[in-house]
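**Student:** Attaching a single structure in C-alpha cells format; questions to follow.
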Amino acid sequence: MPTNQRATAVLEILVYGAIVIVCAAIFAASLGLPSSNREPLGSASIPQAVSVIIAVLCAILLARAVAVLRAARTPAAAEPAAPQSPAYRPRYDLAIGIFVLALVFAAVLQQRLVPANILIPAFIGLAMWMLNRFRLRALLPSLAIAVGVGLATTYVFKNFFYIDLP
Amino acid sequence: MDAFLTATGHILTPIPLLWCALGVTLGIVVGAIPGLSGSMLITMTVPLTFFMGSYYDALILLVAMYVGSISGGLVSATLLRMPGTPAAIMTTLDGYPMAQAGHAGRALGFGIMASFVGGVISWVFLIALSPTLAVWATYFGPWEYFTMVLMALVLIASLSQGSMVKGLLSGFLGMLASMPGVDNSTGMLRLTFGFNSWAGGFTLLPVLLGIFVVSQVLKYVIDAERPVIRIEASNRGIFMTLDDWRRQAVNLIRSSIIGTWIGILPGIGASIGSICAYTAAKNLSKTPEKFGTGTEDGIVASEAANNATIGGALVPLVTMGIPGSVIDAILIGALLMHNLQPGPLLFVTDPEVPYTIISTHLIANILMLVIMLVSVKWISKLILVPTAYLMPLILMFCLVGAFSLQNRTFDVWVTLAFGVVGFLLERIKVPLAPFVIGFILASLAESELRSGLMASAGSIEPLFTRPIAAIFLAVSAVMLVWSLRSEWRNAKKRRGEGGQ
C-alpha cells in the first residue's frame, strides 16, 4: 500500500474524529436551548438533527478509513512498493510558513500595532521572499512589488473604499 | 420585455460595458491561470462591489467574470495539460494532444468557438425559461422550497466527484456552519459558546474567502514546484472553417443542450456538464477511439457544455433563488449582501435585476469571443505567472477584503479558520461545493420547514400530499438510494479486485 494512501487514511481519521467531537459539542450546547411556544421546531432541533447526521456520516467514513489502514497491515500490502521518484517535492513548509504569516498579519491588524502602509507591504514582501525560498536575488523584486503594490492598495483601500485600516 | 430592453440598454452604455469587458478579461486571465478559479476571483471581488455606484454594475461585473473564468480554463488545459478551472478538465484530454501535434491555434479556436456557441444556446434557454419558471415558482409554498433545497443538496452530493457520503458530509457541515448566531425565527442566540463575536454568526463572504481562496492558496503553494511543460500558442487556424462548422454542428448543439440541462439541475456545476457532454459525444461518435488523442470533437463537446452550464445554472438562480453551481451560490450571496432577495418575486419587485443578469450573460459571451480571439496569444503568456509573486497578493486582498466587510478582524479570523477547514476537507477528498451550497441554503431550508410546520400544525403530511413537494422528495430519495447503491457496488468490486 502506498505510503500516501496510508497517510491520507490517518488524516481522514483525525479529521472525522475532530468533526465528531465538534458535533458532540454542538449537540450538547443545543440541549440547553429552550423550546419555542410559537412554533413546533424550536431553535435546537435542526442543529441537533444536522449534528447527528454528520456524526453518522463520519462514523461510516471512519470505518472506511480504518479498513484502509488495516489493509495496509496485511503481508501482501506491506510488501515494499516499487520506488517511485516524485515528480516534484510538495512544499508543506512553505504553506505552513505563509499561513503563520497570515495569522501574524491578522493579529497585528487586530491590535492595530502597525499602520497599514507598513503592515501590508511588509506582509507582501515577506510572503514573496519566503515563497522564493529566501533567495537573495528574489529580495529586490519582492521588495519592489511589495512597496509598490502595498502602498498603492493601502491608499486605495483607505481613501476610495473607506476601509478602517490602522 | 420592457425590463429586458431597459437592462440591455443599460449594459450597452459606456461604464457598464466597461465593467462587463473588465469582468470578462479578468475572468479569462484568472481562468487561464492554473490554481486560480472563477469562484476565487468572484469571491474576492464581491466586497469591492459595495463601493460601486449601483448594484446593477456590480452584477454586470460578477456575471461577466463568471463567463470569462469558465471560458479561460481552456487556455491552460490546451497549452499546459492543466485545466485552468475544473470545468475544463475534459478539454485537456484532446486539447493538449492537439497542441502537442502542432495545432495549438486550431485547438484553442475550436474551444473558443464552442464556448461561444454553448453560451449563446444556453442564453436562449435562459431567456425563454426564466420568466415562465419564475411565474410557476410563485405557486411554491414552504414545503416545495424545503424539498427543493433537500433535492439540491442530494443532487450535488451524489454528482460531485468522489464519494456520495463525503458529498453529503460536506453539505451538512456547510449547514451546521451557518447555524451559530441569532435564530431569526425565535430571536434566540444559539451555538455561540459564550463568544460575543459569534452572535452575528459567520458571514457568508469570509467563509467563502476561506473555503475558496485561502485553502487554494495553501494548496497552490504546496504544489509550487510541480513541473509544467508549456506549448506556445499561435493564432494559426484559430478560426473555424465552414466545413468545420458543418461537421461540428450536431456536436455543438447536443453538447450545449446537455450542458444547459445539467446546469439547470440545482447545485451541479460546469465540470459535470463537461464530462456528460464529452461522454455523450464519445459514445455517439463513429470514431470513439480518437477521443483522448487530440480530436476536435472532444474539445467542442467539453467547451460547448461547460459554457452552456452557465446559462443553465442561472435559471434556478434568477427564478427560484436556488444556486445552479458554486459560483451561483456566491452570486446569491452577493445579491443578499446588496439587500436583494433572489427568487421569483424579484421579477415582480425589481425585474431589471434578473434581466441584467440575463442580458449580461449574452453580452459577456460576445465580448468573450472577441477578447479570446484577439488576445489568446498574449493571455497564454500570463498562465505561468510565478506563484511566489502571485499568491501573497491574492492572500493580502483576501484578508483585507474580509476585514473590509464590517471593519472587524473577526471576519479575518473566520476567513483563516475556514481556509484550514477547506484545505483539510480537500486533502481528504471531501468536495467543497456542497459545503457552500449547504451553508447558503440552510437558513432557507430551516425557515421554510418552520413555516410549513406552522401552517400544518406540526404535521409533515404535506411533504407527501403536495404533488410538487412529493416529486422533489421522491427524486431526492431515488438519487440517494441509487448513488449509495452504486458506491457500495463499486467498493465491493474494488475489494474483489484487491483480493485477487
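Order determines the names: the first chain of the C-alpha cells is A, the second B, and so forth; residues in each chain are numbered 1 upward, and ligands are numbered 1 upward as they are shown.
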For a quick test of understanding: name the residues of chain B lying within 7 Å of chain A when counting only C-alpha atoms, and present them as a PDB file with C-alpha atoms, in the first residue's frame.
**Tutor:**
```pdb
ATOM      1  CA  PHE B  51     -18.166  50.585  -3.384  1.00  0.00           C
ATOM      2  CA  VAL B 165     -21.148  10.065   1.686  1.00  0.00           C
ATOM      3  CA  LEU B 169     -20.968  15.245   4.849  1.00  0.00           C
ATOM      4  CA  PHE B 172     -24.350  19.081   6.173  1.00  0.00           C
ATOM      5  CA  LEU B 176     -24.010  23.404  10.508  1.00  0.00           C
ATOM      6  CA  ASP B 183     -32.004  32.270  15.203  1.00  0.00           C
ATOM      7  CA  THR B 186     -37.120  32.718  17.593  1.00  0.00           C
ATOM      8  CA  LEU B 191     -24.329  27.800  19.388  1.00  0.00           C
ATOM      9  CA  LEU B 218      -2.219  26.822   0.535  1.00  0.00           C
ATOM     10  CA  VAL B 221       1.916  26.861  -2.533  1.00  0.00           C
ATOM     11  CA  ILE B 222       2.353  23.167  -1.706  1.00  0.00           C
ATOM     12  CA  ASP B 223       2.340  22.313  -5.424  1.00  0.00           C
ATOM     13  CA  GLU B 225       7.329  23.076  -7.674  1.00  0.00           C
ATOM     14  CA  ARG B 226       5.122  20.944  -9.914  1.00  0.00           C
ATOM     15  CA  PRO B 227       6.895  20.879 -13.293  1.00  0.00           C
ATOM     16  CA  ALA B 388       5.804  33.220  -5.414  1.00  0.00           C
ATOM     17  CA  TYR B 389       4.726  36.662  -6.551  1.00  0.00           C
ATOM     18  CA  PRO B 392       0.940  36.734  -1.433  1.00  0.00           C
ATOM     19  CA  LEU B 393      -1.018  39.377  -3.345  1.00  0.00           C
ATOM     20  CA  SER B 404     -13.460  45.500   4.753  1.00  0.00           C
ATOM     21  CA  ASN B 407     -14.201  46.701   9.563  1.00  0.00           C
ATOM     22  CA  THR B 409     -10.845  41.397  12.426  1.00  0.00           C
ATOM     23  CA  VAL B 412     -10.328  37.821   9.046  1.00  0.00           C
ATOM     24  CA  ILE B 428      -9.220  14.049   2.361  1.00  0.00           C
ATOM     25  CA  ARG B 450     -40.643  26.075  10.085  1.00  0.00           C
ATOM     26  CA  LEU B 453     -44.875  23.057  10.068  1.00  0.00           C
ATOM     27  CA  MET B 454     -46.608  26.119  11.480  1.00  0.00           C
ATOM     28  CA  GLY B 458     -46.743  20.409  13.176  1.00  0.00           C
TER      29      GLY B 458
END
```
**Student:** Quick one: residues within 6 Å of segment 64-78 of chain B, only C-alpha atoms, excluding same-chain residues fewer than 5 positions away - as a ChimeraX atom specification?
**Tutor:** /B:20,23-24,27-28,31-32,38,83-85,88,92,95-96,364
**Student:** Work out how far apart atom CA of Asp350 of chain B and atom CA of His10 of chain B are and give it in Å to one decimal.
**Tutor:** 14.6 Å
**Student:** Using DSSP on the backbone, list every residue of segment 233-275 of chain B that comes out as alpha helix (DSSP H), and give them as a list in words.
**Tutor:**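 These are the residues in question: Leu242, Asp243, Asp244, Trp245, Arg246, Arg247, Gln248, Ala249, Val250, Asn251, Leu252, Ile253, Arg254, Ser255, Ser256, Ile257, Ile258, Gly259, Thr260, Trp261, Ile262, Gly263, Ile264, Ala270, Ser271, Ile272, Gly273, Ser274 and Ile275 of chain B.
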**Student:** Could you jot down the atom CA of Trp245 of chain B to atom CA of Pro97 of chain B separation for me, Å, one decimal place?
**Tutor:** 21.3 Å
**Student:** Under the rule that only C-alpha atoms are counted, which of A:Leu31, A:Val52, A:Val100, A:Leu62 is the nearest residue to Ala18 of chain A?
**Tutor:**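 Nearest candidate to Ala18 of chain A out of A:Leu31, A:Val52, A:Val100, A:Leu62: A:Leu62.
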**Student:** Could you tell me which of B:Ser158, B:Ser325, B:Ser185, B:Gly343 comes closest to Arg485 of chain B if we count only C-alpha atoms?
**Tutor:** B:Ser158
